[in-house]
file protein-v7.pdb (PDB, C-alpha atoms and all ligand atoms)
ATOM      1  CA  MET A   1      27.924  59.359 123.455  1.00  0.00           C
ATOM      2  CA  THR A   2      31.430  59.747 124.805  1.00  0.00           C
ATOM      3  CA  ASP A   3      31.769  61.850 127.913  1.00  0.00           C
ATOM      4  CA  PHE A   4      34.566  64.132 126.727  1.00  0.00           C
ATOM      5  CA  LEU A   5      35.807  65.209 130.151  1.00  0.00           C
ATOM      6  CA  LYS A   6      35.916  61.569 131.288  1.00  0.00           C
ATOM      7  CA  LEU A   7      37.952  60.724 128.179  1.00  0.00           C
ATOM      8  CA  CYS A   8      40.381  63.563 128.961  1.00  0.00           C
ATOM      9  CA  LYS A   9      40.784  62.390 132.541  1.00  0.00           C
ATOM     10  CA  GLU A  10      41.246  58.751 131.605  1.00  0.00           C
ATOM     11  CA  ARG A  11      43.983  59.453 129.071  1.00  0.00           C
ATOM     12  CA  TYR A  12      47.442  59.057 130.507  1.00  0.00           C
ATOM     13  CA  SER A  13      50.956  58.782 129.100  1.00  0.00           C
ATOM     14  CA  VAL A  14      51.586  55.166 128.166  1.00  0.00           C
ATOM     15  CA  ARG A  15      55.258  54.345 128.610  1.00  0.00           C
ATOM     16  CA  SER A  16      55.213  50.634 127.813  1.00  0.00           C
ATOM     17  CA  PHE A  17      53.570  49.138 124.740  1.00  0.00           C
ATOM     18  CA  THR A  18      52.908  45.637 123.423  1.00  0.00           C
ATOM     19  CA  ASP A  19      54.101  44.780 119.912  1.00  0.00           C
ATOM     20  CA  ARG A  20      50.492  44.680 118.630  1.00  0.00           C
ATOM     21  CA  LYS A  21      50.104  47.040 115.705  1.00  0.00           C
ATOM     22  CA  ILE A  22      47.167  49.399 115.430  1.00  0.00           C
ATOM     23  CA  GLU A  23      44.490  48.194 113.004  1.00  0.00           C
ATOM     24  CA  PRO A  24      44.675  50.251 109.749  1.00  0.00           C
ATOM     25  CA  GLU A  25      41.103  51.562 110.104  1.00  0.00           C
ATOM     26  CA  LYS A  26      41.844  52.800 113.633  1.00  0.00           C
ATOM     27  CA  LEU A  27      45.038  54.485 112.472  1.00  0.00           C
ATOM     28  CA  GLN A  28      43.019  56.108 109.702  1.00  0.00           C
ATOM     29  CA  LYS A  29      40.503  57.437 112.223  1.00  0.00           C
ATOM     30  CA  ILE A  30      43.291  58.847 114.402  1.00  0.00           C
ATOM     31  CA  LEU A  31      44.807  60.618 111.392  1.00  0.00           C
ATOM     32  CA  GLU A  32      41.357  61.899 110.411  1.00  0.00           C
ATOM     33  CA  ALA A  33      40.913  63.482 113.857  1.00  0.00           C
ATOM     34  CA  GLY A  34      44.126  65.401 113.195  1.00  0.00           C
ATOM     35  CA  ARG A  35      43.060  66.330 109.665  1.00  0.00           C
ATOM     36  CA  VAL A  36      39.997  68.221 110.871  1.00  0.00           C
ATOM     37  CA  ALA A  37      41.871  70.196 113.536  1.00  0.00           C
ATOM     38  CA  PRO A  38      41.712  73.983 113.416  1.00  0.00           C
ATOM     39  CA  THR A  39      44.873  75.729 112.230  1.00  0.00           C
ATOM     40  CA  ALA A  40      45.735  79.411 111.852  1.00  0.00           C
ATOM     41  CA  VAL A  41      43.991  80.813 108.744  1.00  0.00           C
ATOM     42  CA  ASN A  42      43.208  77.143 107.952  1.00  0.00           C
ATOM     43  CA  PHE A  43      46.654  76.886 106.322  1.00  0.00           C
ATOM     44  CA  GLN A  44      47.006  73.257 107.557  1.00  0.00           C
ATOM     45  CA  PRO A  45      50.816  73.227 107.688  1.00  0.00           C
ATOM     46  CA  GLN A  46      50.974  69.900 109.506  1.00  0.00           C
ATOM     47  CA  VAL A  47      53.056  67.058 108.080  1.00  0.00           C
ATOM     48  CA  ILE A  48      52.683  63.735 109.846  1.00  0.00           C
ATOM     49  CA  TYR A  49      55.178  60.959 109.360  1.00  0.00           C
ATOM     50  CA  VAL A  50      53.710  57.576 110.270  1.00  0.00           C
ATOM     51  CA  LEU A  51      56.697  55.575 111.439  1.00  0.00           C
ATOM     52  CA  GLN A  52      55.563  51.985 110.981  1.00  0.00           C
ATOM     53  CA  SER A  53      58.200  50.050 109.035  1.00  0.00           C
ATOM     54  CA  PRO A  54      60.666  48.154 111.260  1.00  0.00           C
ATOM     55  CA  ASP A  55      63.405  50.319 109.735  1.00  0.00           C
ATOM     56  CA  ALA A  56      61.694  53.627 110.586  1.00  0.00           C
ATOM     57  CA  VAL A  57      60.750  52.458 114.096  1.00  0.00           C
ATOM     58  CA  SER A  58      64.266  51.271 114.898  1.00  0.00           C
ATOM     59  CA  LYS A  59      65.779  54.468 113.464  1.00  0.00           C
ATOM     60  CA  MET A  60      63.547  56.509 115.764  1.00  0.00           C
ATOM     61  CA  ALA A  61      64.382  54.294 118.738  1.00  0.00           C
ATOM     62  CA  SER A  62      68.070  54.962 118.057  1.00  0.00           C
ATOM     63  CA  VAL A  63      67.654  58.664 118.926  1.00  0.00           C
ATOM     64  CA  THR A  64      65.299  58.424 121.918  1.00  0.00           C
ATOM     65  CA  PRO A  65      64.627  55.996 124.757  1.00  0.00           C
ATOM     66  CA  TYR A  66      61.026  57.187 124.604  1.00  0.00           C
ATOM     67  CA  MET A  67      59.613  54.900 121.923  1.00  0.00           C
ATOM     68  CA  PHE A  68      58.672  52.612 124.829  1.00  0.00           C
ATOM     69  CA  GLY A  69      58.526  49.537 122.588  1.00  0.00           C
ATOM     70  CA  ALA A  70      55.684  50.937 120.449  1.00  0.00           C
ATOM     71  CA  PRO A  71      55.452  49.276 117.034  1.00  0.00           C
ATOM     72  CA  GLN A  72      54.508  52.606 115.442  1.00  0.00           C
ATOM     73  CA  ALA A  73      54.735  56.307 116.160  1.00  0.00           C
ATOM     74  CA  LEU A  74      53.623  59.592 114.678  1.00  0.00           C
ATOM     75  CA  LEU A  75      56.300  62.181 114.099  1.00  0.00           C
ATOM     76  CA  VAL A  76      54.302  65.391 113.955  1.00  0.00           C
ATOM     77  CA  CYS A  77      55.848  68.279 112.045  1.00  0.00           C
ATOM     78  CA  TRP A  78      54.799  71.458 110.307  1.00  0.00           C
ATOM     79  CA  ASP A  79      55.890  73.129 107.127  1.00  0.00           C
ATOM     80  CA  GLU A  80      57.349  76.533 107.966  1.00  0.00           C
ATOM     81  CA  ASN A  81      56.739  77.661 104.354  1.00  0.00           C
ATOM     82  CA  ILE A  82      53.006  77.044 104.718  1.00  0.00           C
ATOM     83  CA  CYS A  83      52.135  78.130 108.252  1.00  0.00           C
ATOM     84  CA  TRP A  84      50.798  81.524 109.209  1.00  0.00           C
ATOM     85  CA  LYS A  85      53.265  84.134 110.539  1.00  0.00           C
ATOM     86  CA  ASN A  86      51.696  86.479 113.043  1.00  0.00           C
ATOM     87  CA  HIS A  87      53.161  89.920 112.348  1.00  0.00           C
ATOM     88  CA  ARG A  88      51.128  91.486 115.161  1.00  0.00           C
ATOM     89  CA  HIS A  89      52.857  89.237 117.668  1.00  0.00           C
ATOM     90  CA  GLU A  90      55.407  90.787 120.034  1.00  0.00           C
ATOM     91  CA  GLU A  91      58.117  88.763 118.339  1.00  0.00           C
ATOM     92  CA  ASP A  92      57.709  89.875 114.768  1.00  0.00           C
ATOM     93  CA  GLY A  93      56.840  87.095 112.381  1.00  0.00           C
ATOM     94  CA  HIS A  94      56.073  84.559 115.105  1.00  0.00           C
ATOM     95  CA  SER A  95      54.978  81.357 113.396  1.00  0.00           C
ATOM     96  CA  ALA A  96      51.789  79.558 114.374  1.00  0.00           C
ATOM     97  CA  GLY A  97      53.184  76.251 113.109  1.00  0.00           C
ATOM     98  CA  GLU A  98      54.017  74.714 116.458  1.00  0.00           C
ATOM     99  CA  MET A  99      50.584  75.625 117.816  1.00  0.00           C
ATOM    100  CA  ASP A 100      48.884  74.164 114.740  1.00  0.00           C
ATOM    101  CA  ALA A 101      50.876  70.938 115.019  1.00  0.00           C
ATOM    102  CA  SER A 102      50.098  70.727 118.741  1.00  0.00           C
ATOM    103  CA  ILE A 103      46.356  70.976 118.133  1.00  0.00           C
ATOM    104  CA  VAL A 104      46.580  68.279 115.464  1.00  0.00           C
ATOM    105  CA  LEU A 105      48.565  66.103 117.854  1.00  0.00           C
ATOM    106  CA  THR A 106      46.133  66.668 120.721  1.00  0.00           C
ATOM    107  CA  GLN A 107      43.129  65.693 118.621  1.00  0.00           C
ATOM    108  CA  MET A 108      44.901  62.540 117.443  1.00  0.00           C
ATOM    109  CA  MET A 109      45.934  61.676 121.015  1.00  0.00           C
ATOM    110  CA  LEU A 110      42.355  61.962 122.272  1.00  0.00           C
ATOM    111  CA  GLN A 111      40.916  60.069 119.291  1.00  0.00           C
ATOM    112  CA  ALA A 112      43.408  57.283 120.017  1.00  0.00           C
ATOM    113  CA  GLN A 113      42.220  57.239 123.621  1.00  0.00           C
ATOM    114  CA  GLU A 114      38.608  56.874 122.526  1.00  0.00           C
ATOM    115  CA  LEU A 115      39.638  53.835 120.461  1.00  0.00           C
ATOM    116  CA  GLY A 116      41.407  52.246 123.432  1.00  0.00           C
ATOM    117  CA  ILE A 117      44.822  53.093 122.010  1.00  0.00           C
ATOM    118  CA  GLY A 118      47.482  54.557 124.269  1.00  0.00           C
ATOM    119  CA  SER A 119      50.031  57.217 123.439  1.00  0.00           C
ATOM    120  CA  CYS A 120      52.711  59.428 124.905  1.00  0.00           C
ATOM    121  CA  TRP A 121      53.615  62.944 123.801  1.00  0.00           C
ATOM    122  CA  VAL A 122      57.408  62.979 123.522  1.00  0.00           C
ATOM    123  CA  CYS A 123      59.732  65.921 122.995  1.00  0.00           C
ATOM    124  CA  SER A 124      62.857  64.479 124.565  1.00  0.00           C
ATOM    125  CA  PHE A 125      64.808  63.415 121.521  1.00  0.00           C
ATOM    126  CA  ASP A 126      67.443  64.789 119.236  1.00  0.00           C
ATOM    127  CA  PHE A 127      65.557  66.777 116.597  1.00  0.00           C
ATOM    128  CA  LYS A 128      68.708  67.339 114.516  1.00  0.00           C
ATOM    129  CA  LYS A 129      69.577  63.650 114.344  1.00  0.00           C
ATOM    130  CA  THR A 130      65.910  62.796 113.596  1.00  0.00           C
ATOM    131  CA  ARG A 131      65.936  65.303 110.761  1.00  0.00           C
ATOM    132  CA  GLU A 132      69.050  63.664 109.330  1.00  0.00           C
ATOM    133  CA  LEU A 133      67.737  60.096 109.764  1.00  0.00           C
ATOM    134  CA  PHE A 134      64.538  60.807 107.850  1.00  0.00           C
ATOM    135  CA  ASN A 135      66.017  63.352 105.412  1.00  0.00           C
ATOM    136  CA  LEU A 136      63.607  66.084 106.462  1.00  0.00           C
ATOM    137  CA  PRO A 137      64.053  69.291 104.449  1.00  0.00           C
ATOM    138  CA  ASP A 138      64.842  72.530 106.317  1.00  0.00           C
ATOM    139  CA  ASN A 139      61.281  73.880 105.986  1.00  0.00           C
ATOM    140  CA  ILE A 140      59.867  70.859 107.834  1.00  0.00           C
ATOM    141  CA  LYS A 141      59.999  71.578 111.565  1.00  0.00           C
ATOM    142  CA  ILE A 142      59.526  68.905 114.205  1.00  0.00           C
ATOM    143  CA  ALA A 143      56.869  69.478 116.896  1.00  0.00           C
ATOM    144  CA  ALA A 144      56.809  66.163 118.763  1.00  0.00           C
ATOM    145  CA  LEU A 145      56.861  62.415 118.558  1.00  0.00           C
ATOM    146  CA  MET A 146      53.902  60.296 119.633  1.00  0.00           C
ATOM    147  CA  PRO A 147      54.467  56.574 120.075  1.00  0.00           C
ATOM    148  CA  ILE A 148      51.047  54.944 119.902  1.00  0.00           C
ATOM    149  CA  GLY A 149      49.716  51.460 120.413  1.00  0.00           C
ATOM    150  CA  TYR A 150      48.354  49.110 123.020  1.00  0.00           C
ATOM    151  CA  ALA A 151      49.561  49.521 126.591  1.00  0.00           C
ATOM    152  CA  SER A 152      51.407  46.545 128.043  1.00  0.00           C
ATOM    153  CA  ALA A 153      50.747  45.369 131.621  1.00  0.00           C
ATOM    154  CA  GLN A 154      53.539  47.751 132.705  1.00  0.00           C
ATOM    155  CA  GLY A 155      52.034  50.673 130.790  1.00  0.00           C
ATOM    156  CA  VAL A 156      50.122  52.081 133.731  1.00  0.00           C
ATOM    157  CA  PRO A 157      49.676  55.740 134.727  1.00  0.00           C
ATOM    158  CA  SER A 158      52.654  57.362 136.453  1.00  0.00           C
ATOM    159  CA  ASP A 159      52.251  59.255 139.744  1.00  0.00           C
ATOM    160  CA  ARG A 160      52.206  62.482 137.756  1.00  0.00           C
ATOM    161  CA  HIS A 161      48.967  61.559 136.052  1.00  0.00           C
ATOM    162  CA  GLU A 162      46.869  62.315 139.136  1.00  0.00           C
ATOM    163  CA  LYS A 163      48.777  65.493 139.973  1.00  0.00           C
ATOM    164  CA  ARG A 164      47.005  68.448 138.471  1.00  0.00           C
ATOM    165  CA  LYS A 165      46.919  71.908 139.984  1.00  0.00           C
ATOM    166  CA  PRO A 166      43.509  73.106 141.154  1.00  0.00           C
ATOM    167  CA  LEU A 167      41.857  75.643 138.867  1.00  0.00           C
ATOM    168  CA  ASP A 168      42.410  78.503 141.313  1.00  0.00           C
ATOM    169  CA  GLU A 169      46.176  78.156 140.776  1.00  0.00           C
ATOM    170  CA  THR A 170      46.019  78.430 137.004  1.00  0.00           C
ATOM    171  CA  VAL A 171      42.959  80.514 136.177  1.00  0.00           C
ATOM    172  CA  ARG A 172      42.638  84.259 136.698  1.00  0.00           C
ATOM    173  CA  TYR A 173      39.245  85.911 136.312  1.00  0.00           C
ATOM    174  CA  LEU A 174      39.683  89.529 135.218  1.00  0.00           C
TER     175      LEU A 174
HETATM  176  C1  LIG B   1      55.068  69.061 125.317  1.00  0.00           C
HETATM  177  C2  LIG B   1      55.183  67.743 126.044  1.00  0.00           C
HETATM  178  C3  LIG B   1      56.388  67.061 126.036  1.00  0.00           C
HETATM  179  C4  LIG B   1      56.506  65.821 126.684  1.00  0.00           C
HETATM  180  N1  LIG B   1      57.681  65.113 126.561  1.00  0.00           N
HETATM  181  C5  LIG B   1      57.777  63.887 127.144  1.00  0.00           C
HETATM  182  C6  LIG B   1      58.944  63.103 126.961  1.00  0.00           C
HETATM  183  O1  LIG B   1      59.877  63.496 126.279  1.00  0.00           O
HETATM  184  N2  LIG B   1      59.008  61.893 127.570  1.00  0.00           N
HETATM  185  C7  LIG B   1      57.962  61.398 128.310  1.00  0.00           C
HETATM  186  O2  LIG B   1      58.072  60.283 128.836  1.00  0.00           O
HETATM  187  N3  LIG B   1      56.822  62.133 128.498  1.00  0.00           N
HETATM  188  C8  LIG B   1      56.703  63.355 127.913  1.00  0.00           C
HETATM  189  N4  LIG B   1      55.539  64.086 128.057  1.00  0.00           N
HETATM  190  C9  LIG B   1      54.422  63.542 128.871  1.00  0.00           C
HETATM  191  C10 LIG B   1      54.261  64.320 130.197  1.00  0.00           C
HETATM  192  O3  LIG B   1      55.333  64.047 131.053  1.00  0.00           O
HETATM  193  C11 LIG B   1      52.920  63.917 130.822  1.00  0.00           C
HETATM  194  O4  LIG B   1      51.867  64.255 129.955  1.00  0.00           O
HETATM  195  C12 LIG B   1      52.689  64.585 132.176  1.00  0.00           C
HETATM  196  O5  LIG B   1      53.669  64.188 133.107  1.00  0.00           O
HETATM  197  C13 LIG B   1      51.302  64.239 132.765  1.00  0.00           C
HETATM  198  O6  LIG B   1      51.128  62.828 132.854  1.00  0.00           O
HETATM  199  P1  LIG B   1      49.946  62.080 132.079  1.00  0.00           P
HETATM  200  O7  LIG B   1      50.077  62.368 130.606  1.00  0.00           O
HETATM  201  O8  LIG B   1      50.148  60.620 132.357  1.00  0.00           O
HETATM  202  O9  LIG B   1      48.652  62.586 132.616  1.00  0.00           O
HETATM  203  C14 LIG B   1      55.401  65.283 127.407  1.00  0.00           C
HETATM  204  C15 LIG B   1      54.178  65.985 127.387  1.00  0.00           C
HETATM  205  C16 LIG B   1      54.060  67.184 126.706  1.00  0.00           C
HETATM  206  C17 LIG B   1      52.721  67.875 126.674  1.00  0.00           C
END

call {"tool": "encode", "arguments": {"input": "protein-v7.pdb", "output": "C-alpha cells"}}
result
Amino acid sequence: MTDFLKLCKERYSVRSFTDRKIEPEKLQKILEAGRVAPTAVNFQPQVIYVLQSPDAVSKMASVTPYMFGAPQALLVCWDENICWKNHRHEEDGHSAGEMDASIVLTQMMLQAQELGIGSCWVCSFDFKKTRELFNLPDNIKIAALMPIGYASAQGVPSDRHEKRKPLDETVRYL
C-alpha cells in the first residue's frame, strides 16, 4: 500500500530528463489517473494532448526552455464550451475549467511519481504561440504543460523542494 503523504513529499520538479520514453502501459495508467479526477458537475472538460512525436516535442521546445529534454509531455487544456460556469461566483460566469484541468494534472503528476516517473508542472511558455503551433481552436484553453519521463543524473530536487511554509502560516482555524 502506497503511503500517500510519503509519495507527495517525495515528488519534486524534475528539470532534467533522459531520452528514455515512458512505457505505453505506464502512460496509459497516468492518463487513467487523470480520467477519474473530479470535475465541476462531472462535466470533464479536460483535453490532454500527448506530445510524443519528435515533431510535436521539438515544436513545444521551440516555445519554452522548460521541456528539460523530456521525450514526451502532456499539454493539459480544457474546453471552455464544456466546463461549468459558476454564476454564483463574485466574478459572474467564472469558469471552473482551469480548476478541473489542475486536478486532472495533479492526479496524473502523482500517478507518474508512484510509477517512478518524474514530471514538472510548467506554465512559463507562450500560450498564444503554442495555440498556433498545434492549431488549437479558440474554445480550447491551455492550463499547463507537464514534461514527463525519467530523471537524468542532473534531475535532482532544487533547493525550493524542501522549502514549505509551516502549517501555522497557511492555515486559519475559524
Ligand atoms: C502553477 C505552477 C506553475 C509552474 N511553472 C513552472 C515553470 O514554468 N517552470 C518550472 O521550472 N517550474 C514550474 N513550476 C514548478 C514549481 O516551481 C515547483 O513546484 C516549486 O518550486 C516547488 O518545488 P518542487 O516541485 O520541486 O517541490 C510550476 C508549478 C506550478 C504549481

call {"tool": "closest_residue", "arguments": {"input": "protein-v7.pdb", "among": "A:Tyr173, A:Trp84, A:Phe4, A:Tyr66", "to": "ligand LIG 1 (chain B)", "atoms": "only C-alpha atoms and all ligand atoms"}}
result
A:Tyr66

call {"tool": "axis_aligned_box", "arguments": {"input": "protein-v7.pdb", "around": "ligand LIG 1 (chain B)", "padding_each_side": "5 Å", "output": "JSON"}}
result
{"center_x": 54.3, "center_y": 64.7, "center_z": 129.2, "size_x": 21.2, "size_y": 18.8, "size_z": 17.8}

call {"tool": "closest_atom_pairs", "arguments": {"input": "protein-v7.pdb", "of": "chain A", "to": "ligand LIG 1 (chain B)", "cutoff": "9 Å", "atoms": "all atoms listed in the file", "output": "Markdown table"}}
result
| residue | atom | partner | partner_atom | distance |
| --- | --- | --- | --- | --- |
| A:Lys9 | CA | B:LIG1 | O9 | 7.9 |
| A:Glu10 | CA | B:LIG1 | O9 | 8.4 |
| A:Arg11 | CA | B:LIG1 | O9 | 6.6 |
| A:Tyr12 | CA | B:LIG1 | O8 | 3.6 |
| A:Ser13 | CA | B:LIG1 | O8 | 3.8 |
| A:Val14 | CA | B:LIG1 | O8 | 7.0 |
| A:Arg15 | CA | B:LIG1 | O2 | 6.6 |
| A:Thr64 | CA | B:LIG1 | O1 | 8.6 |
| A:Pro65 | CA | B:LIG1 | N2 | 8.6 |
| A:Tyr66 | CA | B:LIG1 | N2 | 5.9 |
| A:Met67 | CA | B:LIG1 | O2 | 8.9 |
| A:Phe68 | CA | B:LIG1 | O2 | 8.7 |
| A:Ser102 | CA | B:LIG1 | C1 | 8.4 |
| A:Thr106 | CA | B:LIG1 | C17 | 9.0 |
| A:Ser119 | CA | B:LIG1 | O7 | 8.8 |
| A:Cys120 | CA | B:LIG1 | C9 | 6.0 |
| A:Trp121 | CA | B:LIG1 | C14 | 4.7 |
| A:Val122 | CA | B:LIG1 | N1 | 3.7 |
| A:Cys123 | CA | B:LIG1 | O1 | 4.1 |
| A:Ser124 | CA | B:LIG1 | O1 | 3.6 |
| A:Phe125 | CA | B:LIG1 | O1 | 6.9 |
| A:Ala143 | CA | B:LIG1 | C1 | 8.6 |
| A:Ala144 | CA | B:LIG1 | C3 | 7.3 |
| A:Leu145 | CA | B:LIG1 | O1 | 8.4 |
| A:Val156 | CA | B:LIG1 | O8 | 8.6 |
| A:Pro157 | CA | B:LIG1 | O8 | 5.4 |
| A:Ser158 | CA | B:LIG1 | O8 | 5.8 |
| A:Asp159 | CA | B:LIG1 | O8 | 7.8 |
| A:Arg160 | CA | B:LIG1 | O6 | 5.0 |
| A:His161 | CA | B:LIG1 | O9 | 3.6 |
| A:Glu162 | CA | B:LIG1 | O9 | 6.8 |
| A:Lys163 | CA | B:LIG1 | C13 | 7.7 |
| A:Arg164 | CA | B:LIG1 | C13 | 8.3 |

call {"tool": "closest_residue", "arguments": {"input": "protein-v7.pdb", "among": "A:Val76, A:Ile148, A:Ile103, A:Ile140", "to": "Ala40 (chain A)", "atoms": "all atoms listed in the file"}}
result
A:Ile103

call {"tool": "resolve_selection", "arguments": {"input": "protein-v7.pdb", "expression": "the PyMOL selection byres (((chain A and resi 129) around 12) and not hetatm)", "output": "list in words"}}
result
Lys59, Met60, Ala61, Ser62, Val63, Thr64, Phe125, Asp126, Phe127, Lys128, Thr130, Arg131, Glu132, Leu133, Phe134, Asn135, Leu136 and Ile142 of chain A

call {"tool": "closest_residue", "arguments": {"input": "protein-v7.pdb", "among": "A:Met99, A:Leu27, A:Val171, A:Ala151", "to": "Gln52 (chain A)", "atoms": "all atoms listed in the file"}}
result
A:Leu27

call {"tool": "atom_distance", "arguments": {"input": "protein-v7.pdb", "atom1": "CA of Leu74 (chain A)", "atom2": "CA of Leu7 (chain A)"}}
result
20.7 Å

call {"tool": "residues_around", "arguments": {"input": "protein-v7.pdb", "residues": "Thr39 (chain A)", "least_positions_apart": "5", "cutoff": "9 Å", "atoms": "all atoms listed in the file", "output": "PyMOL selection string"}}
result
chain A and resi 44-46+83-84+96-97+99-101+103-104

call {"tool": "atom_distance", "arguments": {"input": "protein-v7.pdb", "atom1": "CA of Met108 (chain A)", "atom2": "CA of Glu32 (chain A)"}}
result
7.9 Å

call {"tool": "atom_distance", "arguments": {"input": "protein-v7.pdb", "atom1": "CA of Gln72 (chain A)", "atom2": "CA of Glu98 (chain A)"}}
result
22.1 Å

call {"tool": "residues_around", "arguments": {"input": "protein-v7.pdb", "residues": "Gly69 (chain A)", "least_positions_apart": "4", "cutoff": "9 Å", "atoms": "all atoms listed in the file", "output": "PyMOL selection string"}}
result
chain A and resi 15-19+61+147

call {"tool": "resolve_selection", "arguments": {"input": "protein-v7.pdb", "expression": "the PyMOL selection byres (((chain A and resi 47) around 6) and not hetatm)", "output": "list in words"}}
result
Gln46, Ile48, Cys77 and Trp78 of chain A

call {"tool": "resolve_selection", "arguments": {"input": "protein-v7.pdb", "expression": "the PyMOL selection byres (((chain A and resi 111) around 10) and not hetatm)", "output": "PyMOL selection string"}}
result
chain A and resi 7+26-27+29-34+105-110+112-118

call {"tool": "closest_residue", "arguments": {"input": "protein-v7.pdb", "among": "A:Val41, A:Leu5, A:Leu174, A:Ala70", "to": "Lys85 (chain A)", "atoms": "all atoms listed in the file"}}
result
A:Val41

call {"tool": "closest_residue", "arguments": {"input": "protein-v7.pdb", "among": "A:Asn139, A:Asn86, A:Leu167, A:Pro71", "to": "Arg20 (chain A)", "atoms": "all atoms listed in the file"}}
result
A:Pro71
